[in-house]
Amino acid sequence: MEDITRDIVNKDYEYGFTTDVETEVIDKGLSEDVVRLISEKKGEPEWLLEFRLQAYRYWAGQKQPEWGHLDMPEINYQDISYYADPTKSAMSGDSKEIDPELMKTFDKLGIPLEERMALAGTAVDAVMDSVSVKTTFSAKLKEMGIIFMSISEAVREHPDLVREYLGSVVPYRDNYFAALNSAVFSDGSFVYIPKGVRCPMELSTYFRINARGTGQFERTLIVCDDDAYVSYLEGCTAPMRDENQLHAAIVEIVVKENAEVKYSTVQNWYPGDKNGKGGVLNLVTKRGHLRGANSRLSWTQVETGSAVTWKYPSCVLSGDNSQAEFYSVAVTNNFQQADTGTKMIHIGRNTKSTIISKGISAGRSQNSYRGLVKVAPSAQGARNYSSCDSLLLGSKCGAHTFPYMDVRNSSAIVEHEATTSKISEEQLFYCQQRGINTEDAVSLIVNGYAKDVINKLPMEFAVEAQKLLGVSLEGSIG
Amino acid sequence: MSGTKQYTDFYDNVRDTLFARSCDVMNAQRQAALDRFRWLGFPDRKSERYKYTDVGLDFEPDYGIALTALTDELPSHCYRIGSAPVDVTPYYNTIADHNDAVVCLNTMLSVDTLLVHIPRNTRPQHPIQISNILKGTNDTMVNRRLLIILDEGAQADIIITDRAVNDSRFLTNQVIEAFAGENSNLNIYEIEETHLLCTRYSNIYIHQDRNASVRHTSLSLFNGHTRNTCTVRLAGEGAEVSLNGCVIADKMQHVDNNTRIEHLVPHCTSNELYKYILDDSAVGAFAGIVYVSEGAQKTSSSMTNANLCATDSARMYTQPMLEIYADDVKCSHGSTVGQLGDDALFYMMQRGIGIDEARLLLKSAFITEVIETIPLQPLRDRLHFQVDKRLRGELSKCEGCKLCK
């Protein structure tokens, strides 16, 4: 009987296993010494240590913000280990060999680290806990001048580039979690697309939390130079634990003249069990700066995991005629809580932004959209369209919308609309009449509802996202 | 905190006068309100409901505070609270927000309360008009309190107008509590036509029982700084509420409308429509939240906020929000900020209507949508006239006021 129960629970979150690998974990706690230790372990230059220390000092003087529509368990920042390295043995010396256990883990997650096995057209940077395990196709991309590597490597190999852009989009004073991340960030990806280059394959980073009692603080920096293009994917999973694990990341994107960046996320951190125990606290700062004229940036996110999500991928539209898009599906079930949305800050002339947000809440979860559209006096002819819909599955869940609009230009047109409803009885009845059972019918309707966003994802991701939608809502009907 | 001190000191000085001039129901609440007020302090802009209005700044000037009571000669259905025909203890200061310092200040300092009480199944022959006329040679603060009680099946139209007759600075702090009993029908219209040196804080709390229907319309035609808060509790099934408002603001005017509708039981309906026209350096803010509590199934709610920004120095903040804890609901909101349509302007110019006149017509049509929701024909006609005059910039030219010359 117990086995059956366990099977059912496991089925819901299929990435909940742990990898038994020798991991070097530093002592719990956070202080200047810990920041210095992390910096030392990564062999960082003086300026980066200084950056971290500044951020740490700022963070230490701040209080955790409480404005989110979230009931967050208290985080004891001294009870977390800020650095865990599962590649300890492999990293010594020049050997690029990867622990077979790690290989197996990523295989299990469907992320093959062997280039020949990889899906054609996707280069992967795999990050486990605090360290990048492997970056595939790095050499091939290098031929085109594209830099795709972990940020620690980039600090060593391209210090000037990293120094120029790090913290230029999300300064460490931006918010509490950004300051925390700036102080202790470990690994993440660094992407640089040189002028006029169209990146021939999808770049992808896969984040995995493995070690117990740790948090993940990755940092991603993408710089897309004039006339360049890149599509970037991000995926994440974590084992099932009954403690809350902290994930506070920063993603910075710089888009220059005529350049285009597509950033897609399928977020599937462990959401906690059916009673709301455990799960990842996902507190992320993501922002893109459209610096050049005619630049484009699109954020697409499918949020199905995490116990708590607090995330607002934003765009600062400084370049004239720049365009930004935000497409989001956020699904919450059981006791999950999500407070997610975007900020669109129009500064340049004729800038345009689109926000499509779809929230789905089930079980006893709370799902909020929170967004800001700001039009500066200089943003002549700015245009924004926002639409956020919420779908409620069950009478114990909540769906909330908190849009903010702040318009200071007379030629701007800003529109916002939102609806909240449940799955219509007629649609369900229609499906049932045709022999589709309730669960499948709901899944069908939900997928249709989320289609606007799923369609924006690259193909392989779209398939995965669609499957995820089905799994996340399992057991929420009836 | 120094801002609050001038008011608590003032209270200490006039306490005896207040108690003597007022009545037991009101006096009973004063001490608690004072303690709350001291503890809360004026909200700063970090507090979510006062994000767009700096309360401390508005209450900072040294105003003389009016402590006059109402006269005893009041029209039918209107009473001084001290001579109320019903027991008002279950009503007075029960639904007002005790966590709002501005409300506490009112409870602390207001001398008298005008009670409008409509007994069971009655309807007054005429609408009741309450004219608030601000007059004084010195800068004056007024704490105004109104209690509206509609018994089962009662009906009432209440028109509240704000005017200032001379050019002193005025600060009005108004609190209205309205109780709409079963099957009652209440219409409240608030029309504000003051001048640039007037600051107005209005907090309205409405409680609705089963099948009660309430309509609240607020028209800010001319003002200085205005902050209107409207909180509605739909506590009986089948209750229905409409909150409508329009704002015409230019120069350095500031209008902040903040609404909260709470659907506490199933089968209630709420509608909101707010429209703003902002010119010059005016600042407009609209924040509305619809809260649907768990179990309030079959709720239907819609909220619309449309805004016209005529200049680059005008600023509009809008924040339409939903907080929903029930699944079988239909809730929607929409919000726009934009300008007059070029096509419509071109169409009129083609037909020989000058650009200024065309703009005026379109603006007037824009506001008409709000005015047309008013069922009282004479009031509607009057408002069309007023709005037209306002848009032509003539409304502010009152007699004897050197501000508007």
# chains A, B, ... in the order shown; residues from 1 in each chain; ligands from 1
>>> interface_residues(of="chain A", to="chain B", cutoff="6 Å", atoms="only C-alpha atoms", output="MDAnalysis selection string")
chainID A and resid 377 392 394:395 397:410 412:422
>>> write_last_selection(atoms="C-alpha atoms", output="PDB file, in the first residue's frame")
ATOM      1  CA  PRO A 377       7.878  61.972 -20.560  1.00  0.00           C
ATOM      2  CA  LEU A 392      -9.692  29.191 -11.463  1.00  0.00           C
ATOM      3  CA  GLY A 394     -11.503  24.844  -7.590  1.00  0.00           C
ATOM      4  CA  SER A 395     -13.156  26.985  -4.972  1.00  0.00           C
ATOM      5  CA  CYS A 397      -7.717  28.822  -4.678  1.00  0.00           C
ATOM      6  CA  GLY A 398      -7.159  32.472  -5.416  1.00  0.00           C
ATOM      7  CA  ALA A 399      -6.346  34.539  -8.494  1.00  0.00           C
ATOM      8  CA  HIS A 400      -5.308  38.147  -8.195  1.00  0.00           C
ATOM      9  CA  THR A 401      -4.335  40.947 -10.511  1.00  0.00           C
ATOM     10  CA  PHE A 402      -2.333  44.002  -9.496  1.00  0.00           C
ATOM     11  CA  PRO A 403      -1.424  46.023 -12.557  1.00  0.00           C
ATOM     12  CA  TYR A 404       0.176  49.447 -12.142  1.00  0.00           C
ATOM     13  CA  MET A 405       0.231  52.027 -14.887  1.00  0.00           C
ATOM     14  CA  ASP A 406       2.113  55.261 -14.690  1.00  0.00           C
ATOM     15  CA  VAL A 407       1.837  57.429 -17.764  1.00  0.00           C
ATOM     16  CA  ARG A 408       3.616  60.730 -18.246  1.00  0.00           C
ATOM     17  CA  ASN A 409       3.380  61.260 -21.955  1.00  0.00           C
ATOM     18  CA  SER A 410       0.365  62.584 -23.783  1.00  0.00           C
ATOM     19  CA  ALA A 412       1.276  57.280 -25.212  1.00  0.00           C
ATOM     20  CA  ILE A 413      -1.421  54.665 -25.518  1.00  0.00           C
ATOM     21  CA  VAL A 414      -1.596  52.204 -22.679  1.00  0.00           C
ATOM     22  CA  GLU A 415      -4.228  49.530 -22.444  1.00  0.00           C
ATOM     23  CA  HIS A 416      -4.857  46.918 -19.866  1.00  0.00           C
ATOM     24  CA  GLU A 417      -7.523  44.309 -19.610  1.00  0.00           C
ATOM     25  CA  ALA A 418      -8.047  41.345 -17.383  1.00  0.00           C
ATOM     26  CA  THR A 419     -10.639  38.696 -16.832  1.00  0.00           C
ATOM     27  CA  THR A 420     -11.074  36.014 -14.232  1.00  0.00           C
ATOM     28  CA  SER A 421     -13.307  33.037 -14.683  1.00  0.00           C
ATOM     29  CA  LYS A 422     -13.519  29.303 -14.363  1.00  0.00           C
TER      30      LYS A 422
END
>>> residues_around(residues="region 197-202 of chain A", least_positions_apart="2", cutoff="8 Å", atoms="only C-alpha atoms", output="MDAnalysis selection string")
chainID A and resid 121:123 144 146 193:195 204 227:233
>>> select_by_dssp(residues="region 103-332 of chain A", states="alpha helix (DSSP H)", output="PyMOL selection string")
chain A and resi 103-108+138-143+151-157+159-165+176-184
>>> write_last_selection(atoms="C-alpha atoms", output="PDB file, in the first residue's frame")
ATOM      1  CA  MET A 103      26.361  12.634 -16.400  1.00  0.00           C
ATOM      2  CA  LYS A 104      23.678  10.197 -15.364  1.00  0.00           C
ATOM      3  CA  THR A 105      21.765  12.877 -13.499  1.00  0.00           C
ATOM      4  CA  PHE A 106      21.569  15.152 -16.462  1.00  0.00           C
ATOM      5  CA  ASP A 107      20.738  12.219 -18.728  1.00  0.00           C
ATOM      6  CA  LYS A 108      17.865  11.401 -16.429  1.00  0.00           C
ATOM      7  CA  SER A 138      31.431  26.032 -26.696  1.00  0.00           C
ATOM      8  CA  ALA A 139      34.205  25.459 -29.210  1.00  0.00           C
ATOM      9  CA  LYS A 140      31.921  25.433 -32.222  1.00  0.00           C
ATOM     10  CA  LEU A 141      30.291  28.685 -31.180  1.00  0.00           C
ATOM     11  CA  LYS A 142      33.667  30.213 -30.552  1.00  0.00           C
ATOM     12  CA  GLU A 143      34.456  29.940 -34.237  1.00  0.00           C
ATOM     13  CA  ILE A 151      30.163  33.122 -15.790  1.00  0.00           C
ATOM     14  CA  SER A 152      33.078  31.976 -13.634  1.00  0.00           C
ATOM     15  CA  GLU A 153      34.987  30.997 -16.741  1.00  0.00           C
ATOM     16  CA  ALA A 154      34.042  34.276 -18.388  1.00  0.00           C
ATOM     17  CA  VAL A 155      35.412  36.204 -15.420  1.00  0.00           C
ATOM     18  CA  ARG A 156      38.724  34.474 -16.054  1.00  0.00           C
ATOM     19  CA  GLU A 157      38.745  34.591 -19.830  1.00  0.00           C
ATOM     20  CA  PRO A 159      37.189  39.940 -17.595  1.00  0.00           C
ATOM     21  CA  ASP A 160      36.731  43.206 -19.490  1.00  0.00           C
ATOM     22  CA  LEU A 161      33.405  42.196 -20.985  1.00  0.00           C
ATOM     23  CA  VAL A 162      32.050  40.881 -17.707  1.00  0.00           C
ATOM     24  CA  ARG A 163      33.219  43.911 -15.812  1.00  0.00           C
ATOM     25  CA  GLU A 164      31.620  46.258 -18.308  1.00  0.00           C
ATOM     26  CA  TYR A 165      28.187  44.683 -18.141  1.00  0.00           C
ATOM     27  CA  TYR A 176      16.979  42.781  -1.358  1.00  0.00           C
ATOM     28  CA  PHE A 177      17.401  39.552  -3.287  1.00  0.00           C
ATOM     29  CA  ALA A 178      19.465  41.199  -6.011  1.00  0.00           C
ATOM     30  CA  ALA A 179      21.849  42.410  -3.319  1.00  0.00           C
ATOM     31  CA  LEU A 180      21.994  38.925  -1.817  1.00  0.00           C
ATOM     32  CA  ASN A 181      22.688  37.409  -5.203  1.00  0.00           C
ATOM     33  CA  SER A 182      25.354  39.995  -6.047  1.00  0.00           C
ATOM     34  CA  ALA A 183      27.130  39.124  -2.820  1.00  0.00           C
ATOM     35  CA  VAL A 184      27.131  35.352  -3.121  1.00  0.00           C
TER      36      VAL A 184
END
>>> closest_residue(among="A:Ser39, A:Ser443, A:Thr351, A:Asn333", to="Asp320 (chain A)", atoms="only C-alpha atoms")
A:Thr351
>>> select_by_dssp(residues="region 18-214 of chain A", states="strand (DSSP E)", output="PyMOL selection string")
chain A and resi 24-25+84-85+122-128+131-135+147-150+189-193+202-208
>>> residues_around(residues="Gly61 (chain A)", least_positions_apart="2", cutoff="12 Å", atoms="only C-alpha atoms", output="PyMOL selection string")
chain A and resi 54-59+63-64+173+175-176+179-180
>>> write_last_selection(atoms="C-alpha atoms", output="compact mmCIF listing (two decimals), in the first residue's frame")
# COMPACT_ATOMS: atom_id res chain seq x y z
CA GLN A 54 29.69 46.17 -1.49
CA ALA A 55 26.58 44.17 -2.27
CA TYR A 56 26.87 42.21 0.94
CA ARG A 57 27.21 45.36 3.05
CA TYR A 58 24.17 46.85 1.35
CA TRP A 59 22.18 43.66 1.83
CA LYS A 63 15.11 44.13 5.36
CA GLN A 64 13.37 41.44 3.38
CA ARG A 173 21.12 48.03 -4.84
CA ASN A 175 16.36 45.00 -4.33
CA TYR A 176 16.98 42.78 -1.36
CA ALA A 179 21.85 42.41 -3.32
CA LEU A 180 21.99 38.93 -1.82
>>> decode(residues="region 204-226 of chain A", atoms="N, CA and C atoms", output="short mmCIF file (atom, residue, chain, number, x, y, z; two decimals), in the first residue's frame")
data_model
loop_
_atom_site.label_atom_id
_atom_site.label_comp_id
_atom_site.auth_asym_id
_atom_site.auth_seq_id
_atom_site.Cartn_x
_atom_site.Cartn_y
_atom_site.Cartn_z
N SER A 204 21.18 27.16 -24.15
CA SER A 204 20.31 26.73 -23.06
C SER A 204 21.10 26.51 -21.79
N THR A 205 20.52 26.88 -20.69
CA THR A 205 21.15 26.59 -19.41
C THR A 205 20.18 25.75 -18.60
N TYR A 206 20.73 24.72 -17.97
CA TYR A 206 19.88 23.89 -17.15
C TYR A 206 20.35 23.97 -15.72
N PHE A 207 19.47 24.44 -14.84
CA PHE A 207 19.85 24.60 -13.44
C PHE A 207 19.27 23.47 -12.60
N ARG A 208 20.11 22.95 -11.70
CA ARG A 208 19.67 21.86 -10.86
C ARG A 208 20.18 22.12 -9.44
N ILE A 209 19.26 22.09 -8.49
CA ILE A 209 19.71 22.13 -7.10
C ILE A 209 19.80 20.69 -6.65
N ASN A 210 20.89 20.28 -6.02
CA ASN A 210 21.02 18.91 -5.58
C ASN A 210 21.31 18.81 -4.09
N ALA A 211 22.33 19.50 -3.64
CA ALA A 211 22.77 19.33 -2.26
C ALA A 211 21.72 19.82 -1.27
N ARG A 212 21.73 19.21 -0.09
CA ARG A 212 20.78 19.58 0.96
C ARG A 212 21.29 20.82 1.70
N GLY A 213 20.36 21.62 2.17
CA GLY A 213 20.74 22.76 3.01
C GLY A 213 21.47 23.86 2.26
N THR A 214 21.34 23.85 0.94
CA THR A 214 22.01 24.90 0.18
C THR A 214 20.98 25.75 -0.55
N GLY A 215 21.44 26.82 -1.10
CA GLY A 215 20.58 27.61 -1.96
C GLY A 215 21.29 27.75 -3.29
N GLN A 216 20.55 28.18 -4.32
CA GLN A 216 21.24 28.41 -5.58
C GLN A 216 21.15 29.88 -5.92
N PHE A 217 22.28 30.46 -6.26
CA PHE A 217 22.34 31.88 -6.53
C PHE A 217 23.06 32.07 -7.86
N GLU A 218 22.35 31.74 -8.94
CA GLU A 218 23.08 31.83 -10.19
C GLU A 218 22.90 33.21 -10.81
N ARG A 219 23.79 33.49 -11.73
CA ARG A 219 23.77 34.80 -12.35
C ARG A 219 24.00 34.60 -13.83
N THR A 220 23.11 35.12 -14.62
CA THR A 220 23.23 34.98 -16.06
C THR A 220 23.36 36.36 -16.67
N LEU A 221 24.26 36.47 -17.61
CA LEU A 221 24.48 37.76 -18.26
C LEU A 221 24.51 37.52 -19.77
N ILE A 222 23.62 38.17 -20.47
CA ILE A 222 23.57 38.00 -21.92
C ILE A 222 23.78 39.36 -22.57
N VAL A 223 24.75 39.42 -23.46
CA VAL A 223 24.99 40.67 -24.18
C VAL A 223 24.85 40.40 -25.66
N CYS A 224 23.92 41.09 -26.29
CA CYS A 224 23.68 40.87 -27.71
C CYS A 224 24.06 42.17 -28.42
N ASP A 225 25.14 42.12 -29.14
CA ASP A 225 25.66 43.33 -29.77
C ASP A 225 24.84 43.72 -31.01
N ASP A 226 25.21 44.83 -31.64
CA ASP A 226 24.44 45.35 -32.78
C ASP A 226 24.10 44.27 -33.80
#
